[in-house]
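Following: one structure in structure tokens, then a few remarks.
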Amino acid sequence: MEEAAMKGRILGASGISVSEITLGAMMFGAVGNDDHDDSIAIIRTALDAGVNLIDTADVYSGGESEVIVGKALRGRRDDVVIATKFGLPTGDDANQRGASPRWIRRAVENSLRRLDTEWIDLYQLHRPDHATGIDETLATLSDLVREGKVRAVGSSTFPAELIVEAQWAAERGGHRRFVSEQPLYSVLTRSIERAVLPTARRHGMGVISYSPLNAGWLSGRSDPAGSHRAGSRPSMYDPAVPGNQAKAEAVRQLTLLATEAGIPLPHLALAFVLAHPALTSVIIGPRTHDQLTSLLGAADVILAPDVLDRIDEIVAPGTDLNPDDNYNATPPDLLDAALRRHLN
């Protein structure tokens, strides 16, 4: 195993240099750390350590996460790349979600206000909006770029076919194209290796992946159900679920491998993600200072080829050990029977 300092990587065709570790802000606010001063201190510690990309979203703690990020960056805005997301429901109104031109206009103004900034460096569609034509979405996002409110645009949790559709729509319509994709990726959830990552590379997109520790499974805890997020999806840790049994066995073997390699399991997990040539940056989501300090150490780790080969033996490339982990990518045609049946 070799060592290397945290370095910058260019985000797709944007020309923006971002740190290989991104600070995820989902845990700042009511759902995680509701102490604003402490959260701000964590953000500033990450910046001092060389992190320059912060990822948040308008739905994180009802917008509170964006507020905290805005406070933390006062006096340092020019040195930081802010990425935020829109599209998931922010209220009961059917028009307070999605990627329609109407909602994008409202959503971006709300995020700019909460972030206390004049521009957003990377504005990402949080999930595909199957009810809105991608051409309409890209046209509005392009207007935001021309107006200086947004610097670049990206997608999140898009399947390969929608990535391609968005790229074609941008070319046909003369719109700004998505320069990045934000997918779920970890040692235990590798399905994006089949098509999403190769497609992103072919189109010159950056990739900022999330959940490298698989919601606590790769955190090194003896009981992953002790994760702060366990209450939101208890089935993800149910030992009776066959997919979770497969994950438990994989974690056992990966823990032994990490011990042999002389690194903590979380460092092995993050270094594995960063080893993929399509990856630009990996999101870490600490809730405490100790978690941040521990995870930042992964920036110094480069896995040797034999370690990567061993990981492939434990979890085959392109495999999700528990397919339910990737529930956010389930297309509506599989959820709504009316979309796949002729009804009389």
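Here's how to read the names in the structure tokens: chain A, B, ... by the order shown, residue numbers from 1 in each chain, ligand numbers from 1 in the order shown.
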
Select from range 117-338 of chain A everything DSSP, run on the backbone, classes as strand (DSSP E), then give the selection as a PyMOL selection string.
chain A and resi 120-125+150-156+178-182+206-209+281-284

Please produce a file of those selected residues containing C-alpha atoms, as a short mmCIF file (atom, residue, chain, number, x, y, z; two decimals), in the first residue's frame.
data_model
loop_
_atom_site.label_atom_id
_atom_site.label_comp_id
_atom_site.auth_asym_id
_atom_site.auth_seq_id
_atom_site.Cartn_x
_atom_site.Cartn_y
_atom_site.Cartn_z
CA ILE A 120 -24.10 27.68 -6.77
CA ASP A 121 -21.08 25.92 -8.29
CA LEU A 122 -22.84 22.61 -9.04
CA TYR A 123 -26.64 22.38 -9.14
CA GLN A 124 -27.82 18.76 -9.29
CA LEU A 125 -31.16 17.11 -10.06
CA VAL A 150 -25.32 28.42 -11.32
CA ARG A 151 -21.89 27.49 -12.68
CA ALA A 152 -22.46 23.87 -13.72
CA VAL A 153 -25.27 21.28 -13.57
CA GLY A 154 -25.34 17.59 -12.72
CA SER A 155 -27.59 14.60 -12.09
CA SER A 156 -27.93 12.16 -9.21
CA PHE A 178 -24.89 17.50 -17.04
CA VAL A 179 -21.18 17.52 -16.23
CA SER A 180 -21.48 15.09 -13.31
CA GLU A 181 -23.45 12.19 -11.88
CA GLN A 182 -23.88 11.37 -8.19
CA GLY A 206 -17.36 13.60 -13.40
CA VAL A 207 -18.68 11.19 -10.75
CA ILE A 208 -19.23 12.15 -7.12
CA SER A 209 -20.41 9.02 -5.33
CA SER A 281 -14.70 12.41 -5.56
CA VAL A 282 -16.38 10.42 -2.80
CA ILE A 283 -18.80 11.92 -0.30
CA ILE A 284 -18.27 11.38 3.42
#

With a distance cut-off of 12 Å and only C-alpha atoms, select the neighbouring residues of Glu161 in chain A, excluding the residue or stretch itself and same-chain residues fewer than 3 positions from it, and output the selection as a list in words.
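These residues fall inside the cut-off: Pro128, Thr157, Phe158, Val164, Glu165, Ala166, Gln167, Trp168, Ala195, Val196, Leu197, Pro198, Thr199, Ala200 and Pro331 of chain A.
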
Write the residues of the preceding selection, restricted to N, CA and C atoms, as a short mmCIF file (atom, residue, chain, number, x, y, z; two decimals), in the first residue's frame.
data_model
loop_
_atom_site.label_atom_id
_atom_site.label_comp_id
_atom_site.auth_asym_id
_atom_site.auth_seq_id
_atom_site.Cartn_x
_atom_site.Cartn_y
_atom_site.Cartn_z
N PRO A 128 -34.21 11.46 -11.04
CA PRO A 128 -34.89 11.68 -12.32
C PRO A 128 -36.33 12.09 -12.10
N THR A 157 -28.22 9.76 -9.18
CA THR A 157 -28.92 8.48 -9.20
C THR A 157 -29.67 8.28 -10.52
N PHE A 158 -29.03 8.65 -11.62
CA PHE A 158 -29.58 8.43 -12.95
C PHE A 158 -29.08 7.08 -13.48
N VAL A 164 -27.62 9.02 -20.92
CA VAL A 164 -27.45 9.19 -22.37
C VAL A 164 -28.54 10.11 -22.93
N GLU A 165 -29.79 9.91 -22.49
CA GLU A 165 -30.88 10.74 -22.98
C GLU A 165 -30.63 12.21 -22.66
N ALA A 166 -30.14 12.49 -21.46
CA ALA A 166 -29.86 13.87 -21.08
C ALA A 166 -28.74 14.46 -21.92
N GLN A 167 -27.72 13.66 -22.22
CA GLN A 167 -26.63 14.16 -23.05
C GLN A 167 -27.12 14.46 -24.47
N TRP A 168 -27.94 13.58 -25.02
CA TRP A 168 -28.49 13.80 -26.36
C TRP A 168 -29.38 15.04 -26.38
N ALA A 195 -22.94 -0.27 -16.06
CA ALA A 195 -23.29 0.66 -17.15
C ALA A 195 -23.13 2.12 -16.78
N VAL A 196 -23.48 2.50 -15.55
CA VAL A 196 -23.46 3.92 -15.17
C VAL A 196 -22.05 4.50 -15.25
N LEU A 197 -21.08 3.85 -14.63
CA LEU A 197 -19.72 4.40 -14.63
C LEU A 197 -19.11 4.40 -16.03
N PRO A 198 -19.23 3.31 -16.81
CA PRO A 198 -18.71 3.37 -18.18
C PRO A 198 -19.37 4.45 -19.03
N THR A 199 -20.68 4.63 -18.84
CA THR A 199 -21.40 5.65 -19.60
C THR A 199 -20.93 7.05 -19.22
N ALA A 200 -20.75 7.28 -17.93
CA ALA A 200 -20.26 8.58 -17.47
C ALA A 200 -18.88 8.87 -18.06
N PRO A 331 -37.01 2.20 -11.23
CA PRO A 331 -37.82 3.01 -12.14
C PRO A 331 -39.30 2.89 -11.84
#

Give me the residues within 9 Å of Ala169 in chain A as a PyMOL selection string, counting only C-alpha atoms and dropping any in the same chain fewer than 5 places off.
chain A and resi 134-135+138+164+174-175+177

I'd like the neighbourhood of range 50-55 of chain A as a list in words, where a residue qualifies if any of its atoms comes within 9 Å (using only C-alpha atoms), though same-chain residues fewer than 5 positions away should be ignored.
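Counting only the stated atoms, we get Met6, Lys7, Gly8, Ser17, Val18, Ser19, Glu20, Ile21, Thr22, Leu23, Gly24, Ala25, Met26, Ile43, Thr45, Val69, Asp79, Val80, Val81, Ile82, Ala83, Thr84, Lys85, Leu122, Ser281 and Ile283 of chain A.
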
Give me, as JSON lines, the closest atom pair and its distance (Å, one decimal) for every residue of range 164-237 of chain A within a cut-off of 12 Å of range 255-268 of chain A, counting only C-alpha atoms, rows sorted by chain and rising number.
{"residue": "A:Ser186", "atom": "CA", "partner": "A:Leu268", "partner_atom": "CA", "distance": 10.5}
{"residue": "A:Val187", "atom": "CA", "partner": "A:Leu268", "partner_atom": "CA", "distance": 9.2}
{"residue": "A:Ser211", "atom": "CA", "partner": "A:Pro266", "partner_atom": "CA", "distance": 11.3}
{"residue": "A:Pro212", "atom": "CA", "partner": "A:Pro266", "partner_atom": "CA", "distance": 8.4}
{"residue": "A:Leu213", "atom": "CA", "partner": "A:Pro266", "partner_atom": "CA", "distance": 6.6}
{"residue": "A:Asn214", "atom": "CA", "partner": "A:Pro266", "partner_atom": "CA", "distance": 10.2}
{"residue": "A:Ala215", "atom": "CA", "partner": "A:Pro266", "partner_atom": "CA", "distance": 11.4}
{"residue": "A:Gly216", "atom": "CA", "partner": "A:Pro266", "partner_atom": "CA", "distance": 9.4}
{"residue": "A:Trp217", "atom": "CA", "partner": "A:Pro266", "partner_atom": "CA", "distance": 9.4}
{"residue": "A:Leu218", "atom": "CA", "partner": "A:Pro266", "partner_atom": "CA", "distance": 5.8}
{"residue": "A:Ser219", "atom": "CA", "partner": "A:Pro266", "partner_atom": "CA", "distance": 5.2}
{"residue": "A:Gly220", "atom": "CA", "partner": "A:Leu265", "partner_atom": "CA", "distance": 5.7}
{"residue": "A:Arg221", "atom": "CA", "partner": "A:Leu265", "partner_atom": "CA", "distance": 9.5}
{"residue": "A:Ser222", "atom": "CA", "partner": "A:Thr255", "partner_atom": "CA", "distance": 10.4}

From the list A:Val145, A:Ala275, A:Val251, A:Leu188, which residue is nearest Pro305 in chain A when using only C-alpha atoms?
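The shortest atom-to-atom distance to Pro305 in chain A comes from A:Ala275.
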